[in-house]
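Engineer: Supplied structure: work27.cif, mmCIF, C-alpha atoms.
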```cif
data_run
loop_
_atom_site.group_PDB
_atom_site.id
_atom_site.type_symbol
_atom_site.label_atom_id
_atom_site.label_comp_id
_atom_site.auth_asym_id
_atom_site.auth_seq_id
_atom_site.Cartn_x
_atom_site.Cartn_y
_atom_site.Cartn_z
ATOM 1 C CA LEU A 112 17.332 -37.020 10.215
ATOM 2 C CA ARG A 113 20.515 -37.248 12.240
ATOM 3 C CA LEU A 114 21.813 -40.372 13.964
ATOM 4 C CA ALA A 115 22.692 -39.863 17.614
ATOM 5 C CA HIS A 116 23.260 -42.288 20.466
ATOM 6 C CA ASN A 117 22.063 -40.962 23.816
ATOM 7 C CA PRO A 118 23.674 -42.778 26.772
ATOM 8 C CA GLY A 119 21.786 -40.623 29.287
ATOM 9 C CA ILE A 120 18.138 -40.027 30.000
ATOM 10 C CA ALA A 121 15.954 -37.265 28.581
ATOM 11 C CA PHE A 122 17.868 -34.604 26.671
ATOM 12 C CA GLY A 123 21.233 -36.137 27.564
ATOM 13 C CA LEU A 124 20.907 -35.790 31.331
ATOM 14 C CA LEU A 125 23.129 -38.251 33.214
ATOM 15 C CA ASP A 126 25.037 -39.053 30.014
ATOM 16 C CA ASP A 127 28.206 -39.656 32.038
ATOM 17 C CA ALA A 128 26.529 -42.054 34.520
ATOM 18 C CA PRO A 129 27.276 -45.791 34.306
ATOM 19 C CA GLY A 130 25.030 -47.563 31.807
ATOM 20 C CA ALA A 131 23.755 -50.089 34.352
ATOM 21 C CA ALA A 132 22.749 -47.288 36.733
ATOM 22 C CA VAL A 133 20.804 -45.522 33.986
ATOM 23 C CA ILE A 134 19.045 -48.767 33.004
ATOM 24 C CA LEU A 135 18.089 -49.440 36.643
ATOM 25 C CA LEU A 136 16.838 -45.877 37.118
ATOM 26 C CA VAL A 137 14.759 -45.936 33.939
ATOM 27 C CA ALA A 138 13.402 -49.410 34.770
ATOM 28 C CA ALA A 139 12.408 -48.286 38.278
ATOM 29 C CA ILE A 140 10.627 -45.179 36.982
ATOM 30 C CA THR A 141 8.863 -47.214 34.290
ATOM 31 C CA ALA A 142 7.762 -49.797 36.872
ATOM 32 C CA ALA A 143 6.451 -47.087 39.204
ATOM 33 C CA LEU A 144 4.468 -45.539 36.351
ATOM 34 C CA ALA A 145 3.096 -48.956 35.378
ATOM 35 C CA VAL A 146 1.925 -49.600 38.944
ATOM 36 C CA ALA A 147 0.324 -46.148 39.131
ATOM 37 C CA ALA A 148 -1.444 -46.729 35.811
ATOM 38 C CA TRP A 149 -2.582 -50.223 36.873
ATOM 39 C CA ARG A 150 -4.070 -48.829 40.079
ATOM 40 C CA GLY A 151 -5.951 -46.165 38.144
ATOM 41 C CA LEU A 152 -3.933 -43.238 39.463
ATOM 42 C CA LEU A 153 -3.180 -42.059 35.913
ATOM 43 C CA ALA A 154 -5.612 -41.480 33.067
ATOM 44 C CA PRO A 155 -5.394 -44.339 30.525
ATOM 45 C CA LEU A 156 -4.316 -42.363 27.431
ATOM 46 C CA PRO A 157 -1.465 -40.427 29.054
ATOM 47 C CA ALA A 158 -0.346 -43.523 30.942
ATOM 48 C CA GLY A 159 -0.293 -45.590 27.759
ATOM 49 C CA LEU A 160 1.701 -42.983 25.840
ATOM 50 C CA ILE A 161 4.238 -42.493 28.630
ATOM 51 C CA LEU A 162 4.641 -46.209 29.326
ATOM 52 C CA GLY A 163 4.882 -47.091 25.631
ATOM 53 C CA GLY A 164 7.621 -44.526 25.068
ATOM 54 C CA ALA A 165 9.433 -45.451 28.264
ATOM 55 C CA LEU A 166 9.387 -49.164 27.443
ATOM 56 C CA ALA A 167 10.593 -48.524 23.888
ATOM 57 C CA ASN A 168 13.508 -46.450 25.168
ATOM 58 C CA LEU A 169 14.259 -48.999 27.898
ATOM 59 C CA LEU A 170 14.383 -51.862 25.378
ATOM 60 C CA ASP A 171 16.578 -49.777 23.085
ATOM 61 C CA ARG A 172 18.902 -49.005 25.997
ATOM 62 C CA MET A 173 19.070 -52.635 27.101
ATOM 63 C CA HIS A 174 19.972 -53.709 23.581
ATOM 64 C CA GLY A 175 22.804 -51.264 22.950
ATOM 65 C CA ARG A 176 23.356 -49.318 26.227
ATOM 66 C CA THR A 177 22.135 -46.164 24.468
ATOM 67 C CA VAL A 178 18.923 -44.851 22.989
ATOM 68 C CA VAL A 179 19.051 -44.234 19.245
ATOM 69 C CA ASP A 180 17.786 -40.758 18.403
ATOM 70 C CA LEU A 181 17.099 -39.758 14.803
ATOM 71 C CA LEU A 182 14.833 -36.702 14.718
ATOM 72 C CA HIS A 183 16.749 -33.436 14.644
ATOM 73 C CA THR A 184 15.113 -30.027 14.393
ATOM 74 C CA GLY A 185 18.190 -27.861 14.774
ATOM 75 C CA TRP A 186 16.760 -25.945 17.722
ATOM 76 C CA TRP A 187 15.964 -28.893 20.025
ATOM 77 C CA PRO A 188 18.091 -31.850 21.142
ATOM 78 C CA THR A 189 17.901 -34.854 18.822
ATOM 79 C CA PHE A 190 15.092 -37.210 19.865
ATOM 80 C CA ASN A 191 13.142 -40.275 18.763
ATOM 81 C CA LEU A 192 9.492 -41.221 18.366
ATOM 82 C CA ALA A 193 9.390 -42.771 21.842
ATOM 83 C CA ASP A 194 10.369 -39.363 23.253
ATOM 84 C CA VAL A 195 7.451 -37.816 21.348
ATOM 85 C CA PHE A 196 5.073 -40.307 22.999
ATOM 86 C CA ILE A 197 6.514 -39.596 26.454
ATOM 87 C CA CYS A 198 6.219 -35.817 26.018
ATOM 88 C CA ALA A 199 2.712 -36.069 24.524
ATOM 89 C CA GLY A 200 1.637 -38.343 27.378
ATOM 90 C CA ALA A 201 3.051 -35.929 29.946
ATOM 91 C CA ALA A 202 1.235 -33.034 28.259
ATOM 92 C CA PHE A 203 -2.041 -35.003 28.232
ATOM 93 C CA LEU A 204 -1.495 -35.892 31.875
ATOM 94 C CA VAL A 205 -1.161 -32.226 32.798
ATOM 95 C CA LEU A 206 -4.217 -31.304 30.701
ATOM 96 C CA THR A 207 -6.230 -34.124 32.262
ATOM 97 C CA ASP A 208 -5.317 -32.882 35.724
ATOM 98 C CA LEU A 209 -6.161 -29.282 34.840
ATOM 99 C CA ARG A 210 -9.558 -30.321 33.467
ATOM 100 C CA ARG A 211 -10.477 -32.207 36.649
ATOM 101 C CA PRO A 212 -13.428 -30.510 38.378
ATOM 102 C CA ALA A 213 -12.612 -28.532 41.514
ATOM 103 C CA GLY A 214 -12.928 -30.634 44.656
ATOM 104 C CA ASP A 215 -12.381 -33.912 42.761
ATOM 105 C CA GLU A 216 -8.873 -34.431 44.102
ATOM 106 C CA GLU A 217 -9.442 -37.971 45.341
ATOM 107 C CA THR A 218 -7.984 -40.759 43.257
ATOM 108 C CA THR A 219 -9.985 -43.684 41.942
ATOM 109 C CA SER A 220 -8.343 -46.070 44.397
ATOM 110 C CA ALA A 221 -9.077 -43.738 47.305
ATOM 111 C CA ARG A 222 -12.772 -43.614 46.363
ATOM 112 C CA ALA A 223 -13.205 -47.383 46.013
ATOM 113 C CA PRO A 224 -12.965 -48.245 49.755
ATOM 114 C CA GLN A 225 -15.330 -45.390 50.617
ATOM 115 C CA ALA A 226 -17.892 -46.619 48.097
ATOM 116 C CA ALA A 227 -17.678 -50.146 49.497
ATOM 117 C CA SER A 228 -18.210 -48.924 53.059
ATOM 118 C CA HIS A 229 -21.215 -46.817 51.998
ATOM 119 C CA GLU A 230 -22.772 -49.868 50.319
ATOM 120 C CA ARG A 231 -22.414 -51.899 53.511
ATOM 121 C CA GLN A 232 -23.966 -49.133 55.603
ATOM 122 C CA GLY A 233 -26.872 -48.472 53.213
#
```
Please express the file's structure as structure tokens.
Structural biologist:
Amino acid sequence: LRLAHNPGIAFGLLDDAPGAAVILLVAAITAALAVAAWRGLLAPLPAGLILGGALANLLDRMHGRTVVDLLHTGWWPTFNLADVFICAGAAFLVLTDLRRPAGDEETTSARAPQAASHERQG
């Protein structure tokens, strides 16, 4: 364990940016992900992991202007459990996309209007 305060985003990127700008950027990304998850554009498990980690880091940042990182491996930047959830969610998101059958590139929301129009015609 090693205490570190990360003023930037993932892996210290934008660590010299103003704190308010980082909070607004992270909040906007989190909101966009929440909307995508709500509309069914993301699989539920990856979306939940990513949003949970993002919200935890956002709340941490809003409380003290930095994210508190504690997990240190020696070969990777210091991180926290919320970062683990974000990375695991991103990995699951990629795996979910790779496992999608060929030709099934339409999203759930794109299929819904088509299904409704087919029901009216049939």
Engineer: Can you pull out the residues contacting Thr177 of chain A? Cut-off 10 Å, using only C-alpha atoms, and skip same-chain residues under 3 positions away; I want them as a ChimeraX atom specification.
Structural biologist: /A:115-120,126,130,133-134,168-174,180
Engineer: To verify the selection step, state as a list in words which residues the PyMOL selection byres ((chain A and resi 164) around 9) yields on this input.
Structural biologist: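 Residues picked by the PyMOL selection byres ((chain A and resi 164) around 9): Gly159, Leu160, Ile161, Leu162, Gly163, Ala165, Leu166, Ala167, Asn168, Leu169, Leu192, Ala193, Asp194, Val195, Phe196, Ile197, Cys198 and Gly200 of chain A.
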Engineer: Please determine, counting all atoms listed in the file, which residue among A:Leu114, A:Leu124, A:Ala142, A:Ala154 has the shortest atom-to-atom distance to Ala201 of chain A.
Structural biologist: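 Using all atoms listed in the file, Ala201 of chain A sits closest to A:Ala154.
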Engineer: What is the distance between atom CA of Asn191 of chain A and atom CA of Val178 of chain A, in Å to one decimal?
Structural biologist: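 Distance reported for this atom pair: 8.5 Å.
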Engineer: Take atom CA of Ala148 of chain A and atom CA of Gly123 of chain A and report the distance between them in Å, one decimal.
Structural biologist: 26.4 Å
Engineer: Name the closest residue to Leu206 of chain A among the candidates A:Leu156, A:Ala143, A:Gly151, A:Arg113; distances are taken between atoms, counting only C-alpha atoms.
Structural biologist: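 Using only C-alpha atoms, Leu206 of chain A sits closest to A:Leu156.
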Engineer: One number please: atom CA of Thr184 of chain A to atom CA of Phe203 of chain A, in Å, one decimal.
Structural biologist: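 If I compute the distance from atom CA of Thr184 of chain A to atom CA of Phe203 of chain A, I get 22.6 Å.
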Engineer: Return as lines of an AutoDock Vina configuration file the centre and edge lengths, in Å with one decimal, of the box along x, y and z that encloses every atom of segment 176-181 of chain A in the file, padded by 6 Å per side.
Structural biologist:
```
center_x = 20.2
center_y = -44.5
center_z = 20.5
size_x = 18.3
size_y = 21.6
size_z = 23.4
```
Engineer: Point out the residue among A:Pro212, A:Leu136, A:Leu181, A:Leu204 with the least atom-to-atom distance to Pro155 of chain A, counting only C-alpha atoms.
Structural biologist: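 For Pro155 of chain A, the nearest of the given residues is A:Leu204.
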